Every structure is written in structure tokens, then in C-alpha cells.
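Enquirer: Supplied structure: upload-v4.tsv, TSV, C-alpha atoms.
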chain	number	residue	atom	x	y	z
V	264	MET	CA	16.26	1.54	-4.06
V	265	ASN	CA	15.04	-1.82	-2.73
V	266	VAL	CA	11.39	-1.78	-1.68
V	267	LEU	CA	9.45	-4.64	-0.10
V	268	SER	CA	5.72	-4.60	0.56
V	269	ILE	CA	4.17	-7.13	2.92
V	270	GLY	CA	0.52	-6.99	2.01
V	271	ASN	CA	-2.31	-8.33	-0.09
V	272	SER	CA	-4.07	-7.43	-3.33
V	273	PHE	CA	-4.08	-3.74	-2.36
V	274	SER	CA	-0.27	-3.67	-2.33
V	275	ASN	CA	-0.48	-5.46	-5.69
V	276	ASN	CA	-2.61	-2.55	-6.93
V	277	ALA	CA	-0.13	0.00	-5.59
V	278	HIS	CA	2.79	-1.71	-7.35
V	279	HIS	CA	1.03	-2.07	-10.70
V	280	PHE	CA	2.38	1.09	-12.36
V	281	LEU	CA	5.24	1.93	-9.97
V	282	PRO	CA	8.01	0.21	-12.01
V	283	LYS	CA	6.98	2.26	-15.05
V	284	MET	CA	7.04	5.45	-13.00
V	285	ALA	CA	10.54	4.62	-11.78
V	286	GLU	CA	11.68	3.74	-15.31
V	287	ALA	CA	10.31	7.01	-16.68
V	288	ASP	CA	12.41	8.93	-14.14
V	289	GLY	CA	15.56	6.80	-14.46
V	290	GLU	CA	15.26	5.56	-10.88
V	291	GLU	CA	16.84	2.21	-10.04
V	292	LEU	CA	14.12	0.29	-8.22
V	293	MET	CA	13.83	-3.30	-7.12
V	294	LEU	CA	10.19	-3.61	-6.15
V	295	CYS	CA	8.89	-6.70	-4.39
V	296	ASN	CA	5.45	-7.66	-3.13
V	297	LEU	CA	5.06	-10.45	-0.59
V	298	PHE	CA	1.35	-11.10	-0.45
V	299	ILE	CA	-1.66	-13.27	0.20
V	300	GLY	CA	-5.02	-12.05	-1.08
V	301	GLY	CA	-7.10	-10.56	1.74
V	302	CYS	CA	-4.34	-11.12	4.29
V	303	SER	CA	-4.68	-9.24	7.58
V	304	LEU	CA	-1.89	-8.03	9.84
V	305	GLU	CA	-2.85	-10.75	12.29
V	306	GLN	CA	-2.42	-13.42	9.63
V	307	HIS	CA	0.95	-11.97	8.53
V	308	TRP	CA	1.99	-12.07	12.19
V	309	LYS	CA	0.91	-15.70	12.56
V	310	ASN	CA	2.61	-16.67	9.31
V	311	TRP	CA	5.85	-15.05	10.49
V	312	ARG	CA	5.72	-16.71	13.90
V	313	GLU	CA	4.92	-20.13	12.41
V	314	GLU	CA	7.26	-19.72	9.41
V	315	LYS	CA	4.52	-20.62	6.97
V	316	THR	CA	5.41	-20.74	3.28
V	317	ASP	CA	2.03	-19.45	2.12
V	318	TYR	CA	3.10	-16.37	0.19
V	319	GLU	CA	3.27	-15.33	-3.44
V	320	TYR	CA	6.33	-13.18	-4.12
V	321	GLU	CA	6.21	-10.71	-7.00
V	322	ILE	CA	9.54	-9.23	-8.09
V	323	TYR	CA	10.31	-6.32	-10.41
V	324	LEU	CA	14.07	-6.07	-10.98
V	325	PRO	CA	15.67	-2.64	-11.56
V	326	PHE	CA	14.77	-1.05	-14.92
V	327	GLU	CA	12.44	-3.93	-15.73
V	328	THR	CA	8.66	-3.66	-15.99
V	329	GLU	CA	7.95	-7.37	-16.38
V	330	MET	CA	7.24	-9.23	-13.15
V	331	THR	CA	8.78	-12.48	-11.91
V	332	ARG	CA	6.75	-14.56	-9.47
V	333	VAL	CA	7.89	-17.08	-6.85
V	334	ASP	CA	5.36	-19.20	-4.93
V	335	ASP	CA	5.43	-20.93	-1.55
V	336	ILE	CA	7.85	-18.69	0.28
V	337	ALA	CA	7.95	-17.57	3.93
V	338	LEU	CA	7.83	-14.01	5.25
V	339	HIS	CA	11.06	-14.28	7.20
V	340	GLU	CA	12.94	-15.60	4.16
V	341	VAL	CA	12.11	-12.51	2.14
V	342	VAL	CA	12.65	-9.93	4.89
V	343	GLU	CA	16.09	-11.40	5.59
V	344	ASP	CA	17.05	-12.00	1.95
V	345	GLU	CA	17.99	-8.48	0.78
V	346	GLU	CA	19.10	-5.15	2.19
V	347	TRP	CA	15.79	-3.31	2.06
V	348	ASP	CA	15.63	0.48	1.95
V	349	VAL	CA	11.87	0.56	2.50
V	350	ILE	CA	9.47	-2.03	3.94
V	351	THR	CA	5.75	-1.30	3.77
V	352	LEU	CA	3.00	-2.91	5.83
V	353	GLN	CA	-0.78	-2.56	5.57
V	354	GLN	CA	-4.00	-3.82	7.05
V	355	CYS	CA	-6.48	-5.79	4.95
V	356	SER	CA	-9.13	-3.47	3.58
V	357	HIS	CA	-12.20	-4.72	5.45
V	358	LEU	CA	-10.41	-4.35	8.82
V	359	SER	CA	-8.74	-1.04	7.93
V	360	GLY	CA	-11.00	1.01	10.17
V	361	ILE	CA	-11.13	-1.46	13.08
V	362	ARG	CA	-8.55	-0.12	15.53
V	363	GLU	CA	-8.29	-3.30	17.61
V	364	SER	CA	-7.29	-5.32	14.52
V	365	TYR	CA	-3.84	-3.67	14.40
V	366	SER	CA	-2.60	-4.52	17.87
V	367	PRO	CA	-0.21	-6.05	18.71
V	368	TYR	CA	0.42	-7.35	15.20
V	369	LEU	CA	1.63	-4.16	13.48
V	370	SER	CA	3.99	-3.22	16.32
V	371	GLU	CA	5.55	-6.67	16.48
V	372	LEU	CA	5.96	-6.99	12.71
V	373	ALA	CA	7.47	-3.51	12.51
V	374	GLU	CA	9.87	-4.28	15.37
V	375	TYR	CA	10.94	-7.51	13.65
V	376	CYS	CA	11.58	-5.63	10.39
V	377	ARG	CA	13.60	-2.98	12.24
V	378	MET	CA	15.66	-5.64	14.00
V	379	VAL	CA	16.52	-7.46	10.77
V	380	GLN	CA	16.75	-4.35	8.58
V	381	PRO	CA	17.93	-1.51	10.85
V	382	ASN	CA	18.58	0.84	7.92
V	383	ALA	CA	15.16	0.41	6.32
V	384	LYS	CA	12.33	2.91	6.63
V	385	ILE	CA	9.17	1.21	7.83
V	386	MET	CA	6.12	2.68	6.10
V	387	LEU	CA	2.44	1.97	6.60
V	388	HIS	CA	0.36	1.91	3.42
V	389	GLN	CA	-3.02	3.52	4.06
V	390	THR	CA	-5.60	1.60	2.05
V	391	TRP	CA	-8.79	3.17	0.68
V	392	ALA	CA	-12.49	3.12	1.42
V	393	TYR	CA	-14.83	1.06	-0.74
V	394	GLU	CA	-16.95	2.44	-3.55
V	395	ASN	CA	-20.48	3.37	-2.58
V	396	GLY	CA	-22.75	0.41	-3.29
V	397	CYS	CA	-19.85	-2.06	-2.94
V	398	GLN	CA	-21.00	-5.62	-2.19
V	399	HIS	CA	-17.93	-6.66	-0.19
V	400	PRO	CA	-19.25	-8.24	3.06
V	401	GLY	CA	-16.71	-6.24	5.08
V	402	PHE	CA	-18.40	-3.00	4.03
V	403	SER	CA	-21.03	-3.71	6.70
V	404	ASN	CA	-18.34	-2.89	9.32
V	405	TYR	CA	-18.90	0.73	8.31
V	406	GLY	CA	-22.64	0.78	7.76
V	407	LYS	CA	-21.92	0.45	4.04
V	408	SER	CA	-20.91	4.13	4.06
V	409	GLN	CA	-17.79	5.19	2.17
V	410	GLN	CA	-17.41	8.35	4.24
V	411	GLU	CA	-17.66	6.42	7.49
V	412	MET	CA	-15.16	3.83	6.30
V	413	TYR	CA	-12.73	6.56	5.25
V	414	ARG	CA	-13.11	8.36	8.58
V	415	MET	CA	-12.58	5.20	10.59
V	416	LEU	CA	-9.64	3.89	8.60
V	417	THR	CA	-7.89	7.27	8.70
V	418	GLU	CA	-8.11	7.39	12.48
V	419	ALA	CA	-7.12	3.74	12.85
V	420	TYR	CA	-4.06	4.10	10.63
V	421	VAL	CA	-2.88	7.16	12.54
V	422	ASP	CA	-3.32	5.53	15.93
V	423	ALA	CA	-1.65	2.32	14.80
V	424	ALA	CA	1.27	4.14	13.16
V	425	LEU	CA	1.98	6.14	16.30
V	426	GLU	CA	1.76	3.07	18.52
V	427	ALA	CA	4.10	1.06	16.26
V	428	ASP	CA	6.55	3.95	15.74
V	429	ILE	CA	6.09	3.81	11.96
V	430	ASP	CA	8.35	6.17	10.01
V	431	LEU	CA	5.84	7.32	7.38
V	432	ILE	CA	2.30	6.68	6.18
V	433	ILE	CA	1.75	6.34	2.43
V	434	PRO	CA	-1.58	8.21	2.01
V	435	SER	CA	-3.22	6.26	-0.81
V	436	GLY	CA	-6.58	6.35	0.96
V	437	ARG	CA	-6.49	10.13	1.21
V	438	ALA	CA	-5.48	10.48	-2.46
V	439	TRP	CA	-8.36	8.22	-3.50
V	440	GLN	CA	-10.88	10.14	-1.43
V	441	THR	CA	-9.64	13.47	-2.79
V	442	ALA	CA	-9.90	12.17	-6.35
V	443	ARG	CA	-13.45	10.92	-5.75
V	444	ASN	CA	-14.46	14.42	-4.73
V	445	VAL	CA	-13.21	15.74	-8.09
V	446	ILE	CA	-13.73	13.08	-10.76
V	447	GLY	CA	-16.36	10.90	-9.10
V	448	ASP	CA	-16.53	7.47	-7.52
V	449	LYS	CA	-14.98	5.55	-10.43
V	450	LEU	CA	-11.66	4.17	-9.24
V	451	THR	CA	-12.39	0.44	-8.89
V	452	VAL	CA	-13.12	-2.62	-11.00
V	453	ASP	CA	-15.32	-4.32	-8.41
V	454	GLY	CA	-16.05	-1.82	-5.67
V	455	TYR	CA	-12.72	-2.18	-3.88
V	456	HIS	CA	-9.81	-3.23	-6.16
V	457	GLY	CA	-8.33	-0.39	-8.16
V	458	ASN	CA	-8.83	0.11	-11.88
V	459	ASP	CA	-6.11	1.92	-13.83
V	460	LEU	CA	-7.01	5.26	-12.23
V	461	GLY	CA	-7.04	3.80	-8.74
V	462	CYS	CA	-3.80	1.89	-9.26
V	463	TYR	CA	-2.15	5.03	-10.61
V	464	LEU	CA	-3.15	7.02	-7.53
V	465	ALA	CA	-1.74	4.41	-5.14
V	466	GLY	CA	1.43	3.91	-7.20
V	467	ALA	CA	2.03	7.65	-7.39
V	468	CYS	CA	1.69	7.93	-3.61
V	469	PHE	CA	4.35	5.23	-3.27
V	470	TYR	CA	6.51	7.08	-5.80
V	471	GLU	CA	6.38	10.41	-3.95
V	472	MET	CA	6.96	8.87	-0.53
V	473	ILE	CA	9.74	6.48	-1.56
V	474	PHE	CA	11.73	8.77	-3.83
V	475	ASN	CA	10.78	12.09	-2.20
V	476	LYS	CA	9.98	13.47	-5.65
V	477	SER	CA	6.92	15.11	-7.14
V	478	ILE	CA	4.80	12.99	-9.44
V	479	HIS	CA	4.23	16.15	-11.48
V	480	ASP	CA	7.77	15.81	-12.86
V	481	ASN	CA	7.27	12.18	-13.88
V	482	SER	CA	6.52	11.55	-17.56
V	483	PHE	CA	4.67	8.25	-17.20
V	484	ALA	CA	1.02	8.58	-18.19
V	485	LEU	CA	-1.84	6.13	-18.45
V	486	PRO	CA	-2.67	5.29	-22.06
V	487	ASN	CA	-5.98	6.60	-23.42
V	488	ILE	CA	-6.57	8.83	-20.41
V	489	ASP	CA	-7.26	12.53	-20.95
V	490	LYS	CA	-4.37	14.81	-20.00
V	491	ASN	CA	-6.63	16.85	-17.74
V	492	ILE	CA	-7.60	13.71	-15.81
V	493	MET	CA	-3.92	12.79	-15.45
V	494	GLU	CA	-3.14	16.23	-14.10
V	495	THR	CA	-6.04	15.97	-11.66
V	496	LEU	CA	-4.78	12.62	-10.37
V	497	LYS	CA	-1.30	14.10	-9.85
V	498	ILE	CA	-2.74	17.05	-7.92
V	499	CYS	CA	-4.71	14.65	-5.69
V	500	VAL	CA	-1.57	12.64	-4.95
V	501	SER	CA	0.62	15.66	-4.20
V	502	SER	CA	-2.08	17.17	-2.01
V	503	ALA	CA	-2.44	13.92	-0.03
V	504	VAL	CA	1.30	13.59	0.47
V	505	GLU	CA	1.76	17.24	1.39
V	506	LYS	CA	-1.03	17.19	3.98
V	507	GLY	CA	-0.07	13.79	5.36
V	508	ILE	CA	-2.33	11.84	7.70
V	509	MET	CA	-0.40	11.70	10.96
V	510	GLN	CA	-3.10	13.83	12.59
V	511	LYS	CA	-6.70	12.75	12.97
V	512	GLN	CA	-9.19	14.36	10.61
What's the C-alpha cells form of this structure?
Expert:
Amino acid sequence: MNVLSIGNSFSNNAHHFLPKMAEADGEELMLCNLFIGGCSLEQHWKNWREEKTDYEYEIYLPFETEMTRVDDIALHEVVEDEEWDVITLQQCSHLSGIRESYSPYLSELAEYCRMVQPNAKIMLHQTWAYENGCQHPGFSNYGKSQQEMYRMLTEAYVDAALEADIDLIIPSGRAWQTARNVIGDKLTVDGYHGNDLGCYLAGACFYEMIFNKSIHDNSFALPNIDKNIMETLKICVSSAVEKGIMQKQ
């Protein structure tokens, strides 16, 4: 399975534990992250159109959990370089609930990916709302309310996915919000980037959506984390994937 994410630090979070999940299940996975920190869909679109070599490219080869990094590469070079089975796109977190920020950039990027990689599934990675009290300046877009940010980003992702004819949404944001309701608002290192718990939730959502397997059957576990917490995280992921987010909440 060859998977490419075109994203930012949130796709970096989602990939953090995914190679270890694949290894634990014997899945052959080449996992690649083409990213710029804080990059929006509009900026990805501009970079593609102008062939800018502004990206960092993180590569996990099959059955390897150590990352290789290449700098100064262009979006089109990577999209056209391999036969991708899955390509994921996402909005930058602070614009995630701003519907106008997706158009026309998501549709045009998705259409380009489909043209170059007609056999690939195009997935949209739903990012998560910020922690209450987060100091990120973009939190003001949502009145500094986690619930409002989650509501707005959920609706925006659904609308954008339908408009761009996206195959599937990876529901990391839903899994995070479900987990917060159970174990508390303790999934970040800085109010928005995932800690180990947050990265596990996002990675497990990728795992279930990419491999169409239940994370409950995967033996990878976070070190020094209580087994009951691990089971809770798995339940939150499976619930998010099962419910999906292709309908407005």
C-alpha cells in the first residue's frame, strides 16, 4: 500500500505511529508526507501551479519505522513519482472551519491527483479542534470555543468533500472529540499539535480507513499507557469511523 499525504504538521502527527501499526499487523506500507508547517489548501494549490520546491518530504519505506527526509521538492514531482493507492489532503487547522477557504483549491487539487493517479483513492483528512484555552491566534475564528470550532470544521469538511467528490473522509477530528468526552481535554502538547494520545488517535483513524481493518485487532500499543486508556482510544476511533462524517451533525 502506497500512501501519500499532502498536508502540514497535522498530517505529520497522523503519520507518527502509523508505520508501527502497519508493522504490527504485517501490512506492507510505504507512507509519505509532503508537507509545509501550517500550509493551507490555497498555498498547496499555489505551490502546485507555480511548481515551487518548498516542501519537506518524509518517507517511511515498507516494514521500516525510521523516517527518511528529502528537502526542497515540488508537489507535482511527488504526486507523479509513484503509483499511489491513497492520496490524502487536508486544510490547515486554523482555517478548518472556514468553508470559503476550501474552494476552489480542494476541488482542483483533487482533480489533479485523480488525473495523474486514476487508481488512487482521494481522502480528506479531517483535522481536530483546538484544546480549550489554546493560545493559537486562529482560535479566535471560532470565538475560542472548542465546541464551535468542532461544529464548524465538521460542516466545512463535509461540504468541501461533497463539492470535490472526495472518496472518503478520515475522521480524526471526530475521534479526538469523542475521546475528549471520555478521558478529558489532554490530547495536545501545545493546545493544537497532538501528544502521543492525540497522534495515536489520528494514526489509528488512518489505519482503519486505509486498510479497512479494525484497530482493535492491532497489537501496537503506546508505551507506558494504561491498557484501559488504550482500549478507550480504540473504541473512540472505531466509533468515529463507523459513524463517518459525510452528514452534517
Enquirer: So that I can check the surroundings of Gly436 (chain V), please list as a PyMOL selection string every protein, DNA and RNA residue that reaches within 9 Å of it, counting all atoms listed in the file and ignoring chain neighbours fewer than 3 positions away.
Expert: chain V and resi 388-392+413+416-417+433+439-441+465+503
Enquirer: Expressed in Å to a single decimal, how great is the separation between CA of Asp334 (chain V) and CA of Tyr318 (chain V)?
Expert: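 Result for CA of Asp334 (chain V) versus CA of Tyr318 (chain V): 6.3 Å, one decimal.
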Enquirer: Excluding Arg332 (chain V) and residues on its chain fewer than 5 positions from it, collect all residues at most 10 Å away from it, counting only C-alpha atoms, and give them as a list of chain:residue names.
Expert: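 My list of contacting residues is V:Cys295, V:Asn296, V:Leu297, V:Glu319, V:Tyr320, V:Glu321, V:Ile322, V:Tyr323.
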Enquirer: Please determine, counting all atoms listed in the file, which residue among V:Arg362, V:Asn276, V:Leu267, V:Cys355 has the shortest atom-to-atom distance to Glu343 (chain V).
Expert: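 The answer is V:Leu267, which sits nearest to Glu343 (chain V).
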Enquirer: Taking only C-alpha atoms into account, name the residue in V:His456, V:Lys449, V:His278, V:Lys384 that is nearest to Gly301 (chain V).
Expert: V:His456
Enquirer: Give as number ranges by chain every residue, naming chains and numbers as the document does, that has an atom within 9 Å of (16.7, -9.1, 9.7), counting only C-alpha atoms.
Expert: V: 339, 342-344, 346, 375-381
Enquirer: Excluding Glu371 (chain V) and residues on its chain fewer than 6 positions from it, collect all residues at most 12 Å away from it, counting all atoms listed in the file, and give them as a PyMOL selection string.
Expert: chain V and resi 304-305+307-309+311-312+352+365+377-378+423+426-429
Enquirer: What is the CA of Thr328 (chain V) to CA of Met472 (chain V) distance in Å?
Expert: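 For CA of Thr328 (chain V) relative to CA of Met472 (chain V), the distance reads 20.0 Å.
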Enquirer: From the list V:Leu358, V:Leu496, V:Ala285, V:Val266, which residue is nearest Lys476 (chain V) when using only C-alpha atoms?
Expert: V:Ala285
Enquirer: For Phe326 (chain V), work out the shell of residues within 8 Å, counting all atoms listed in the file and skipping chain neighbours fewer than 6 positions away, then give it as number ranges by chain.
Expert: V: 282, 285-286, 289-292
Enquirer: Residues around (2.5, 8.8, 0.5), cut-off 10 Å, counting only C-alpha atoms - what are they as an MDAnalysis selection string?
Expert: chainID V and resid 386:389 431:438 464:473 475 500:508
Enquirer: Of the residues V:Asp480, V:Glu494, V:Glu314, V:Glu363, which is the one nearest to Ala287 (chain V), using all atoms listed in the file?
Expert: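 Looking at the shortest contact to Ala287 (chain V), the residue is V:Asp480.
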Enquirer: Find, counting all atoms listed in the file, the residue in V:Phe298, V:Val421, V:Lys490, V:Gly270 that gets nearest to Val333 (chain V).
Expert: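 Closest to Val333 (chain V), using all atoms listed in the file: V:Phe298.
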Enquirer: Return as JSON the box centre and box size in Å, one decimal, for an axis-aligned box around all listed atoms of region 286-304 of chain V padded by 5 Å per side.
Expert:
{"center_x": 4.9, "center_y": -2.2, "center_z": -3.4, "size_x": 33.9, "size_y": 32.2, "size_z": 36.5}
Enquirer: Between CA of Phe483 (chain V) and CA of Tyr463 (chain V), what is the distance in Å, rounded to a tenth?
Expert: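 Taking CA of Phe483 (chain V) and CA of Tyr463 (chain V), their separation equals 10.0 Å.
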